[in-house]
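Structure data follow from input_23.cif (mmCIF, C-alpha atoms):
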```
data_structure
loop_
_atom_site.label_atom_id
_atom_site.label_comp_id
_atom_site.auth_asym_id
_atom_site.auth_seq_id
_atom_site.Cartn_x
_atom_site.Cartn_y
_atom_site.Cartn_z
CA MET A 663 12.63 -6.34 -7.53
CA GLU A 664 11.18 -5.35 -4.18
CA LYS A 665 8.09 -3.16 -4.13
CA ILE A 666 8.87 -0.14 -1.98
CA ILE A 667 6.86 2.97 -1.06
CA LEU A 668 8.29 6.37 -0.13
CA THR A 669 6.08 9.32 0.73
CA GLY A 670 5.85 12.05 3.35
CA ASP A 671 4.80 15.52 4.44
CA ARG A 672 6.35 18.83 5.46
CA PRO A 673 5.96 19.55 9.21
CA THR A 674 4.50 23.03 8.85
CA GLY A 675 1.37 22.36 10.90
CA LYS A 676 -1.24 19.80 11.82
CA LEU A 677 -2.48 17.63 8.97
CA HIS A 678 -6.01 18.15 7.68
CA LEU A 679 -8.72 16.35 5.72
CA GLY A 680 -7.09 17.34 2.44
CA HIS A 681 -3.97 15.43 3.47
CA TYR A 682 -6.13 12.57 4.68
CA VAL A 683 -8.14 11.92 1.52
CA GLY A 684 -5.25 12.94 -0.75
CA SER A 685 -2.64 10.60 0.69
CA LEU A 686 -2.87 9.48 4.33
CA LYS A 687 -5.87 7.18 3.97
CA ARG A 688 -4.35 5.63 0.86
CA ARG A 689 -1.05 5.04 2.68
CA VAL A 690 -2.84 3.04 5.35
CA GLU A 691 -4.67 1.02 2.69
CA LEU A 692 -1.37 0.28 0.93
CA GLN A 693 0.22 -0.61 4.27
CA GLU A 694 -2.50 -3.14 4.97
CA SER A 695 -2.59 -4.51 1.41
CA GLY A 696 0.43 -6.75 1.91
CA GLU A 697 1.58 -5.88 -1.62
CA PHE A 698 4.70 -3.98 -0.57
CA ASP A 699 7.96 -5.22 0.89
CA LYS A 700 8.85 -1.93 2.58
CA ILE A 701 7.05 1.35 3.29
CA PHE A 702 8.87 4.54 4.29
CA VAL A 703 7.00 7.66 5.41
CA MET A 704 9.11 10.77 5.92
CA ILE A 705 8.58 13.89 7.99
CA ALA A 706 10.31 16.32 5.63
CA ASP A 707 11.71 18.84 8.11
CA ALA A 708 14.74 19.76 5.97
CA GLN A 709 12.39 20.59 3.12
CA ALA A 710 10.18 22.63 5.47
CA LEU A 711 13.22 24.70 6.45
CA THR A 712 13.70 25.83 2.84
CA ASP A 713 11.01 28.46 3.43
CA ASN A 714 11.05 28.53 7.22
CA ALA A 715 14.77 29.05 7.81
CA ASP A 716 14.06 32.01 10.10
CA ASN A 717 11.59 30.02 12.20
CA PRO A 718 13.08 26.61 12.99
CA GLU A 719 11.05 26.36 16.19
CA LYS A 720 7.88 26.16 14.09
CA VAL A 721 9.28 23.15 12.26
CA ARG A 722 10.60 21.61 15.49
CA GLN A 723 7.22 21.84 17.23
CA ASN A 724 5.33 20.43 14.27
CA ILE A 725 7.43 17.26 14.08
CA ILE A 726 5.38 15.76 16.89
CA GLU A 727 2.10 17.04 15.43
CA VAL A 728 2.71 15.27 12.13
CA ALA A 729 3.93 12.13 13.89
CA LEU A 730 0.75 12.06 15.99
CA ASP A 731 -1.37 12.50 12.87
CA TYR A 732 0.47 9.64 11.14
CA LEU A 733 -0.05 7.27 14.04
CA SER A 734 -3.64 8.36 14.63
CA VAL A 735 -4.75 7.60 11.06
CA GLY A 736 -3.37 4.08 11.40
CA LEU A 737 0.21 4.05 10.16
CA ASP A 738 1.78 1.17 12.08
CA PRO A 739 5.49 1.40 13.06
CA ALA A 740 5.67 -2.40 12.86
CA LYS A 741 4.76 -2.22 9.15
CA THR A 742 5.83 1.27 8.12
CA THR A 743 9.14 3.03 8.79
CA ILE A 744 8.37 6.57 9.95
CA PHE A 745 11.45 8.82 10.01
CA ILE A 746 12.67 12.41 10.12
CA GLN A 747 14.41 13.67 6.97
CA SER A 748 17.16 15.68 8.67
CA GLN A 749 18.25 12.64 10.66
CA VAL A 750 19.32 10.90 7.43
CA PRO A 751 22.29 13.00 6.21
CA GLU A 752 22.87 10.65 3.29
CA LEU A 753 19.96 12.40 1.60
CA CYS A 754 21.90 15.67 1.52
CA GLU A 755 24.86 14.03 -0.19
CA LEU A 756 22.66 12.44 -2.83
CA THR A 757 21.02 15.82 -3.46
CA THR A 758 24.43 17.36 -4.14
CA TYR A 759 25.26 14.76 -6.78
CA TYR A 760 21.84 15.01 -8.45
CA MET A 761 22.14 18.79 -8.78
CA ASN A 762 24.69 18.18 -11.52
CA LEU A 763 22.12 16.24 -13.54
CA VAL A 764 19.39 18.85 -13.90
CA SER A 765 19.46 22.40 -15.23
CA VAL A 766 18.17 25.57 -13.60
CA ALA A 767 15.83 26.03 -16.56
CA ARG A 768 14.34 22.57 -16.05
CA VAL A 769 13.51 23.31 -12.41
CA GLN A 770 12.06 26.69 -13.37
CA ARG A 771 9.65 24.99 -15.79
CA ASN A 772 8.24 22.80 -13.04
CA PRO A 773 4.62 23.97 -12.60
CA THR A 774 4.54 23.01 -8.92
CA VAL A 775 7.64 25.08 -8.24
CA LYS A 776 6.15 28.02 -10.16
CA THR A 777 2.94 27.85 -8.14
CA GLU A 778 4.69 27.60 -4.79
CA ILE A 779 7.12 30.43 -5.58
CA LYS A 780 4.17 32.68 -6.37
CA MET A 781 2.21 31.52 -3.32
CA ARG A 782 5.15 32.38 -1.02
CA ASN A 783 5.93 35.68 -2.76
CA PHE A 784 9.43 34.49 -3.65
CA GLU A 785 9.40 35.98 -7.17
CA GLN A 786 12.06 38.59 -6.35
CA SER A 787 14.20 36.58 -3.96
CA ILE A 788 14.01 32.79 -4.09
CA PRO A 789 15.96 30.94 -1.37
CA LEU A 790 18.32 28.55 -3.15
CA GLY A 791 17.31 25.69 -0.89
CA PHE A 792 13.67 26.18 -1.79
CA PHE A 793 14.42 26.39 -5.50
CA CYS A 794 16.37 23.12 -5.34
CA TYR A 795 13.90 21.18 -3.24
CA PRO A 796 12.61 19.16 -6.24
CA VAL A 797 16.12 17.73 -6.52
CA SER A 798 16.12 17.01 -2.80
CA GLN A 799 12.83 15.22 -3.25
CA ALA A 800 14.40 13.05 -5.93
CA ALA A 801 17.12 12.14 -3.45
CA ASP A 802 14.51 11.19 -0.85
CA ILE A 803 12.70 8.90 -3.27
CA THR A 804 15.72 7.23 -4.82
CA ALA A 805 17.59 6.76 -1.52
CA PHE A 806 15.09 4.06 -0.65
CA LYS A 807 14.84 2.71 -4.20
CA ALA A 808 11.13 3.44 -4.06
CA THR A 809 9.06 1.86 -6.80
CA THR A 810 5.86 3.62 -5.75
CA VAL A 811 5.15 7.17 -4.59
CA PRO A 812 1.53 7.83 -3.49
CA VAL A 813 0.93 11.60 -3.65
CA GLY A 814 -1.61 14.21 -4.69
CA GLU A 815 -1.85 15.37 -8.29
CA ASP A 816 0.04 18.59 -7.52
CA GLN A 817 3.16 16.50 -6.90
CA ALA A 818 3.07 14.73 -10.27
CA PRO A 819 5.60 17.16 -11.85
CA MET A 820 8.00 16.38 -9.01
CA ILE A 821 7.85 12.66 -9.65
CA GLU A 822 8.43 13.27 -13.37
CA LEU A 823 11.59 15.23 -12.54
CA THR A 824 12.74 12.40 -10.29
CA ARG A 825 12.28 9.96 -13.14
CA GLU A 826 14.35 12.20 -15.42
CA ILE A 827 17.17 12.37 -12.86
CA VAL A 828 17.12 8.59 -12.48
CA GLN A 829 17.24 8.08 -16.23
CA ARG A 830 20.14 10.51 -16.63
CA PHE A 831 22.09 9.02 -13.73
CA ASN A 832 21.67 5.47 -15.00
CA HIS A 833 22.61 6.55 -18.53
CA ILE A 834 25.84 8.19 -17.39
CA TYR A 835 26.94 5.90 -14.57
CA GLY A 836 25.20 2.61 -15.28
CA PRO A 837 21.99 1.04 -13.87
CA THR A 838 21.96 1.99 -10.20
CA LEU A 839 18.79 3.87 -9.30
CA VAL A 840 15.15 2.76 -9.48
CA GLU A 841 12.60 4.73 -11.50
CA PRO A 842 9.50 5.37 -9.35
CA GLN A 843 5.86 5.28 -10.38
CA ILE A 844 3.28 7.72 -9.04
CA VAL A 845 0.01 6.56 -7.44
CA LEU A 846 -2.77 9.16 -7.42
CA PRO A 847 -6.02 9.02 -5.40
CA SER A 848 -8.62 6.92 -7.23
CA ASN A 849 -11.54 9.12 -6.13
CA ALA A 850 -11.65 12.33 -8.20
CA ALA A 851 -12.97 14.30 -5.21
CA CYS A 852 -9.90 13.24 -3.24
CA MET A 853 -7.47 14.60 -5.82
CA ARG A 854 -7.73 18.11 -4.42
CA LEU A 855 -10.21 18.69 -1.61
CA PRO A 856 -11.25 22.36 -1.52
CA GLY A 857 -11.13 24.46 1.60
CA THR A 858 -14.26 25.10 3.62
CA ASP A 859 -14.47 28.53 1.99
CA GLY A 860 -14.66 27.03 -1.49
CA LYS A 861 -11.10 27.97 -2.42
CA ALA A 862 -9.35 25.55 -4.76
CA LYS A 863 -7.25 23.90 -2.07
CA MET A 864 -7.43 23.34 1.65
CA SER A 865 -4.54 25.32 3.10
CA LYS A 866 -3.35 26.14 6.60
CA SER A 867 -2.32 29.63 5.50
CA LEU A 868 -5.86 30.37 4.24
CA GLY A 869 -7.48 29.18 7.47
CA ASN A 870 -9.94 26.97 5.58
CA CYS A 871 -8.95 23.58 6.98
CA ILE A 872 -10.64 20.87 8.96
CA TYR A 873 -7.84 19.23 10.94
CA LEU A 874 -7.66 15.55 11.83
CA SER A 875 -7.21 16.63 15.45
CA ASP A 876 -10.26 18.95 15.52
CA THR A 877 -12.88 18.29 18.19
CA PRO A 878 -16.45 17.33 17.22
CA LYS A 879 -17.54 20.87 18.06
CA GLU A 880 -14.86 22.39 15.82
CA VAL A 881 -15.72 20.07 12.93
CA ALA A 882 -19.44 20.87 13.20
CA LYS A 883 -18.74 24.62 13.32
CA LYS A 884 -16.54 24.48 10.22
CA VAL A 885 -19.00 22.36 8.24
CA LYS A 886 -21.88 24.68 9.11
CA SER A 887 -19.89 27.64 7.74
CA MET A 888 -18.98 25.85 4.49
CA TYR A 889 -19.39 27.55 1.14
CA THR A 890 -22.40 26.15 -0.73
CA ASP A 891 -24.47 27.46 -3.62
CA PRO A 892 -24.85 31.27 -3.34
CA LEU A 893 -27.98 31.09 -5.52
CA HIS A 894 -29.68 28.54 -3.25
CA LEU A 895 -31.31 31.10 -0.95
CA ASN A 896 -34.44 29.17 -0.06
CA ILE A 897 -35.04 25.47 0.48
CA ASP A 898 -37.33 25.25 -2.55
CA ASP A 899 -34.80 26.93 -4.86
CA PRO A 900 -33.07 24.62 -7.36
CA GLY A 901 -29.50 23.96 -6.18
CA HIS A 902 -26.19 23.64 -7.98
CA LEU A 903 -23.55 21.02 -7.18
CA GLU A 904 -20.54 22.54 -8.92
CA GLY A 905 -18.23 24.19 -6.38
CA ASN A 906 -20.61 23.26 -3.57
CA CYS A 907 -18.28 22.20 -0.75
CA PRO A 908 -20.55 19.88 1.27
CA PHE A 909 -21.27 17.78 -1.82
CA ILE A 910 -17.59 17.64 -2.78
CA TYR A 911 -16.80 16.40 0.73
CA LEU A 912 -19.61 13.86 0.58
CA ASP A 913 -18.18 12.57 -2.71
CA ALA A 914 -14.83 12.12 -0.95
CA PHE A 915 -16.08 10.55 2.28
CA ALA A 916 -19.67 9.28 2.16
CA THR A 917 -21.17 5.98 1.10
CA ASP A 918 -24.77 5.52 0.02
CA GLU A 919 -25.36 3.49 3.17
CA GLN A 920 -24.17 6.35 5.37
CA VAL A 921 -26.35 8.92 3.63
CA ASN A 922 -29.42 6.72 4.10
CA ARG A 923 -28.52 5.88 7.70
CA PHE A 924 -27.98 9.48 8.74
CA ASN A 925 -31.12 10.65 6.91
CA PRO A 926 -33.56 7.91 5.83
CA ASP A 927 -35.34 10.39 3.56
CA PHE A 928 -32.58 9.78 1.01
CA ALA A 929 -31.85 6.39 -0.51
CA SER A 930 -28.34 7.29 -1.63
CA LEU A 931 -25.91 10.12 -2.22
CA GLN A 932 -27.16 10.43 -5.80
CA ASP A 933 -30.72 10.68 -4.52
CA LEU A 934 -29.66 13.50 -2.22
CA LYS A 935 -27.95 15.29 -5.12
CA ASP A 936 -30.90 14.87 -7.47
CA ARG A 937 -33.39 16.27 -4.97
CA TYR A 938 -31.11 19.16 -4.03
CA VAL A 939 -30.75 20.13 -7.69
CA LYS A 940 -34.52 19.89 -8.19
CA GLY A 941 -35.22 21.98 -5.11
CA GLY A 942 -36.67 21.12 -1.73
CA VAL A 943 -33.50 20.21 0.20
CA GLY A 944 -31.84 22.77 2.45
CA ASP A 945 -28.11 23.27 2.87
CA GLY A 946 -28.51 22.57 6.57
CA THR A 947 -29.82 19.07 5.81
CA VAL A 948 -26.83 18.33 3.59
CA LYS A 949 -24.38 19.70 6.15
CA LYS A 950 -25.91 17.64 8.97
CA ILE A 951 -25.36 14.46 6.97
CA LEU A 952 -21.78 15.52 6.26
CA ILE A 953 -21.08 16.24 9.94
CA ASN A 954 -22.20 12.70 10.85
CA VAL A 955 -20.14 11.17 8.03
CA LEU A 956 -16.99 13.03 9.08
CA GLU A 957 -17.50 12.16 12.74
CA GLU A 958 -17.73 8.47 11.89
CA GLU A 959 -14.41 8.77 10.06
CA LEU A 960 -12.70 10.85 12.75
CA VAL A 961 -13.74 9.03 15.96
CA PRO A 962 -11.17 6.17 15.67
CA ILE A 963 -8.53 8.69 14.59
CA ARG A 964 -9.14 10.76 17.73
CA GLU A 965 -9.02 7.65 19.91
CA ARG A 966 -5.61 6.59 18.56
CA ARG A 967 -4.30 10.14 18.87
CA ALA A 968 -5.38 10.29 22.53
CA HIS A 969 -3.33 7.15 23.23
CA TYR A 970 -0.17 8.55 21.67
CA GLU A 971 -0.64 12.02 23.18
CA ALA A 972 -0.47 10.28 26.55
CA ASN A 973 2.77 8.53 25.52
CA ILE A 974 4.90 11.18 23.79
CA PRO A 975 8.27 9.55 24.71
CA GLU A 976 7.02 6.44 22.87
CA VAL A 977 6.37 8.56 19.77
CA TYR A 978 9.91 9.97 19.81
CA GLU A 979 11.30 6.46 20.21
CA ILE A 980 9.31 5.36 17.14
CA LEU A 981 10.80 8.27 15.18
CA LYS A 982 14.32 7.51 16.45
CA LYS A 983 14.18 3.85 15.47
CA GLY A 984 12.58 4.71 12.14
CA SER A 985 15.30 7.26 11.37
CA GLU A 986 18.01 4.74 12.21
CA GLU A 987 16.48 2.20 9.83
CA ALA A 988 16.04 4.83 7.14
CA ARG A 989 19.68 5.83 7.48
CA ARG A 990 20.79 2.22 7.15
CA VAL A 991 18.86 1.78 3.89
CA ALA A 992 19.85 5.16 2.46
CA GLY A 993 23.47 4.39 3.31
CA GLN A 994 23.36 1.28 1.14
CA THR A 995 22.03 3.30 -1.79
CA LEU A 996 24.65 6.00 -1.26
CA ALA A 997 27.36 3.35 -1.36
CA ASP A 998 25.96 2.11 -4.70
CA VAL A 999 25.89 5.68 -6.03
CA ARG A 1000 29.46 6.39 -4.96
CA LYS A 1001 30.65 3.20 -6.57
CA ALA A 1002 28.83 3.97 -9.83
CA MET A 1003 30.30 7.49 -9.86
CA LYS A 1004 33.77 6.13 -9.07
CA ILE A 1005 34.16 8.22 -5.92
CA ASP A 1006 34.41 5.28 -3.53
CA TYR A 1007 38.18 5.82 -3.32
CA PHE A 1008 39.00 4.08 -0.05
CA SER A 1009 36.96 0.94 -0.68
CA ASP A 1010 38.21 0.48 -4.26
CA ALA A 1011 41.11 -1.95 -3.85
CA GLU A 1012 41.69 -2.10 -7.62
CA LEU A 1013 42.14 1.67 -7.79
CA ILE A 1014 44.66 1.67 -4.95
CA GLU A 1015 46.64 -1.17 -6.53
CA GLU A 1016 46.50 0.48 -9.96
CA GLN A 1017 47.84 3.75 -8.60
CA ALA A 1018 50.50 1.97 -6.58
CA ASN A 1019 51.72 0.17 -9.71
CA ARG A 1020 51.58 3.40 -11.69
CA PHE A 1021 54.19 5.03 -9.53
CA VAL A 1022 56.51 2.05 -9.14
CA LYS A 1023 59.87 2.97 -10.56
CA LYS A 1024 60.96 0.60 -13.27
#
```
For the file at hand, write its structure as C-alpha cells.
Amino acid sequence: MEKIILTGDRPTGKLHLGHYVGSLKRRVELQESGEFDKIFVMIADAQALTDNADNPEKVRQNIIEVALDYLSVGLDPAKTTIFIQSQVPELCELTTYYMNLVSVARVQRNPTVKTEIKMRNFEQSIPLGFFCYPVSQAADITAFKATTVPVGEDQAPMIELTREIVQRFNHIYGPTLVEPQIVLPSNAACMRLPGTDGKAKMSKSLGNCIYLSDTPKEVAKKVKSMYTDPLHLNIDDPGHLEGNCPFIYLDAFATDEQVNRFNPDFASLQDLKDRYVKGGVGDGTVKKILINVLEEELVPIRERRAHYEANIPEVYEILKKGSEEARRVAGQTLADVRKAMKIDYFSDAELIEEQANRFVKK
C-alpha cells in the first residue's frame, strides 16, 4: 500500500507560529523524508465558508495568503500537491454519501465541534454546513486514500470520526476506503503553542499571534509584550516557568546551541531556566534570546515569501495544477466508492444486461 499524506488549513487569515510548529514545519520534514509516495496539502476554502458564508471575499483573499505561507515555509510543488478544496467537487459528493453513515448525536459528541460551536457563538443557530464539516473532513482524507494525517492534537477527534466512517463504509460495502493514522507533533510545546498574551491557544480572533509574514520589527514588538511571570517583578525575584510564554516558545523553537550563541552567559536552555527560577535573570534577557531564535527561523521563510510575492501568477498556476491533480486522484476514489455502493449504473455492463434480460418477453 502506498504511503500518502493529506493535511491542510482553512484560509481565514495568514498562518502564524502556532500553525508552523503544530503542523507546517512537520509537513516539510515529512516531505523531505522520502518516506511517502504522495503528499496532498489542501487549502480548505469550502470548509472556511461554513462559518464565513456571508463574507466569501475574506476567504477568497486569504487563498493567496495561505498559499504564500505554504511555499515560504518550504512546501515544494514538485514534491507536494497543493490544491484548493472547492476546485475538487468530488469531495462534495463523497461527503453526501458519508452523511448516511454517521448520526447527528455522534457529531454532537465530538469535543472539537463542541469547542468550535461555543467559540463562534453558534449554540442557538448552528449552520448545517458547519455542523457537518467533520464529515466533509472525512471525505477530504479518504478521497486521497491518505494513510497519514499530520495535525495538531485538537484535530484528533476528527481523525477518529474519519476512522469510524471508513470502518462503517467498508463493513457495509466491502473494503474500499483506507483508514488513516494521525501524526501529532513530537515536541510537547508544539502541541498547542499559546498566544503572546498567555491564552491557551494562538488565535487570529484574539489578536495574540505572531505571523510567519511578520517583519522583524513586528516580531520583536510582540515578543517584548509577551505574558511572563506576573510575580517576577524584579530581576532577583525567583521566577516561574509554568505559563511563561517566552519559555514555552523557547521549548518549541530553541536549541541549546542557539541559547548559548545568543547569550554566552548560559550554557543551555536548561541552564537559562534553572537560573531564572533561582532568580537573577530578567524577562528582557529571556525575550532577547527568543527574538534572535525566532529571527533565525523566520529569515529563510521571509526570503522565499518575497520571491513568490513577486510572482503571484506563478502561485496561482501552482494551485491550478495541484487542483487538477487532486481532482484526478479524488475521481478515482469516487469511482471506487460508486462501484462499491452499486450506483455506477452506466458503467456496469452486467447490470444493463441483467435488466435487459429481465424484460425480455418469453
Next on the checklist: For a cutoff of 12 Å around the file-coordinate point (4.2, 18.8, 10.0), which residues qualify once you count only C-alpha atoms? I'd like the result as a ChimeraX atom specification.
Outcome noted: /A:670-678,681,704-711,719-732,746-747,866
Checklist entry - Which residues come within 12 Å of Asp876 in chain A, counting all atoms listed in the file, excluding same-chain residues fewer than 2 positions away, as a VMD selection string? => result chain A and resid 676 to 679 731 871 to 874 878 to 885 956 to 957 960 to 961 963 to 964 967
Next on the checklist: Which residues would end up in the selection if the PyMOL selection byres ((chain A and resi 890-902) around 7) were applied here, given that I need the answer as a PyMOL selection string?
Outcome noted: chain A and resi 888-889+903-904+906-908+938-944
Item to check | Given the PyMOL selection byres ((chain A and resi 990) around 12), the residues it picks as a ChimeraX atom specification | outcome: /A:743,745,749-753,805-806,983-989,991-997
Next on the checklist: Please expand the PyMOL selection byres ((chain A and resi 807) around 7) into the concrete residues it hits in this file, giving the result as a PyMOL selection string.
Outcome noted: chain A and resi 666+803-806+808-809+839-840
Go ahead and dump the residues you just picked, C-alpha atoms, as a tab-separated table (two decimals), in the frame of the given file.
```tsv
chain	number	residue	atom	x	y	z
A	666	ILE	CA	8.87	-0.14	-1.98
A	803	ILE	CA	12.70	8.90	-3.27
A	804	THR	CA	15.72	7.23	-4.82
A	805	ALA	CA	17.59	6.76	-1.52
A	806	PHE	CA	15.09	4.06	-0.65
A	808	ALA	CA	11.13	3.44	-4.06
A	809	THR	CA	9.06	1.86	-6.80
A	839	LEU	CA	18.79	3.87	-9.30
A	840	VAL	CA	15.15	2.76	-9.48
```
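Between CA of Asn832 in chain A and CA of Ala1002 in chain A the separation is 9.0 Å.
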Next on the checklist: Applying 9 Å and only C-alpha atoms, which residues near range 814-824 of chain A remain after dropping the ones on its own chain fewer than 5 positions away? List them as a ChimeraX atom specification.
Outcome noted: /A:681,684-685,764,768-769,772-775,796-797,799-801,803-804,829,841-847,852-854
If you keep C-alpha atoms, can you produce a file of those selected residues as a compact mmCIF listing (two decimals), in the coordinates of the input?
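Printed below is part27.txt as written:
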```txt
# COMPACT_ATOMS: atom_id res chain seq x y z
CA HIS A 681 -3.97 15.43 3.47
CA GLY A 684 -5.25 12.94 -0.75
CA SER A 685 -2.64 10.60 0.69
CA VAL A 764 19.39 18.85 -13.90
CA ARG A 768 14.34 22.57 -16.05
CA VAL A 769 13.51 23.31 -12.41
CA ASN A 772 8.24 22.80 -13.04
CA PRO A 773 4.62 23.97 -12.60
CA THR A 774 4.54 23.01 -8.92
CA VAL A 775 7.64 25.08 -8.24
CA PRO A 796 12.61 19.16 -6.24
CA VAL A 797 16.12 17.73 -6.52
CA GLN A 799 12.83 15.22 -3.25
CA ALA A 800 14.40 13.05 -5.93
CA ALA A 801 17.12 12.14 -3.45
CA ILE A 803 12.70 8.90 -3.27
CA THR A 804 15.72 7.23 -4.82
CA GLN A 829 17.24 8.08 -16.23
CA GLU A 841 12.60 4.73 -11.50
CA PRO A 842 9.50 5.37 -9.35
CA GLN A 843 5.86 5.28 -10.38
CA ILE A 844 3.28 7.72 -9.04
CA VAL A 845 0.01 6.56 -7.44
CA LEU A 846 -2.77 9.16 -7.42
CA PRO A 847 -6.02 9.02 -5.40
CA CYS A 852 -9.90 13.24 -3.24
CA MET A 853 -7.47 14.60 -5.82
CA ARG A 854 -7.73 18.11 -4.42
```
Item to check | Nearest candidate to Leu668 in chain A (options A:Glu1012, A:Asp713, A:Asp945, A:Asp802; using all atoms listed in the file) | outcome: A:Asp802
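Using all atoms listed in the file for every distance, the candidate list A:Glu971, A:Arg782, A:Lys665, A:Val921 yields A:Lys665 as the residue closest to Gly696 in chain A.
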Item to check | Which residue of A:Val703, A:Ile1014, A:Val766, A:Leu934 approaches Leu790 in chain A most closely, using all atoms listed in the file | outcome: A:Val766
Checklist entry - Leaving out Thr757 in chain A and any residue of its chain fewer than 3 positions from it, which residues lie within 6 Å of it when counting only C-alpha atoms, given as a PyMOL selection string? => result chain A and resi 754+760+798+801
Go ahead and write the selection's residues with C-alpha atoms as a CSV table (one decimal), keeping the file's coordinate frame.
```csv
chain,number,residue,atom,x,y,z
A,754,CYS,CA,21.9,15.7,1.5
A,760,TYR,CA,21.8,15.0,-8.4
A,798,SER,CA,16.1,17.0,-2.8
A,801,ALA,CA,17.1,12.1,-3.4
```
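Distance-wise, CA of Lys780 in chain A and CA of Phe792 in chain A end up 12.4 Å apart.
CA of Arg937 in chain A is found 17.0 Å from CA of Gln920 in chain A.
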Next on the checklist: Quick one: residues within 10 Å of Pro789 in chain A, only C-alpha atoms, excluding same-chain residues fewer than 6 positions away - as number ranges by chain?
Outcome noted: A: 712-713, 715, 779
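When only C-alpha atoms are used to compute distances to Thr669 in chain A, the closest of the residues A:Pro975, A:Pro812, A:Pro856, A:Pro962 turns out to be A:Pro812.
Among the candidates A:Gly857, A:Val690, A:Ile953, A:Glu1016, the residue lying nearest to Leu733 in chain A is A:Val690 (atoms considered: all atoms listed in the file).
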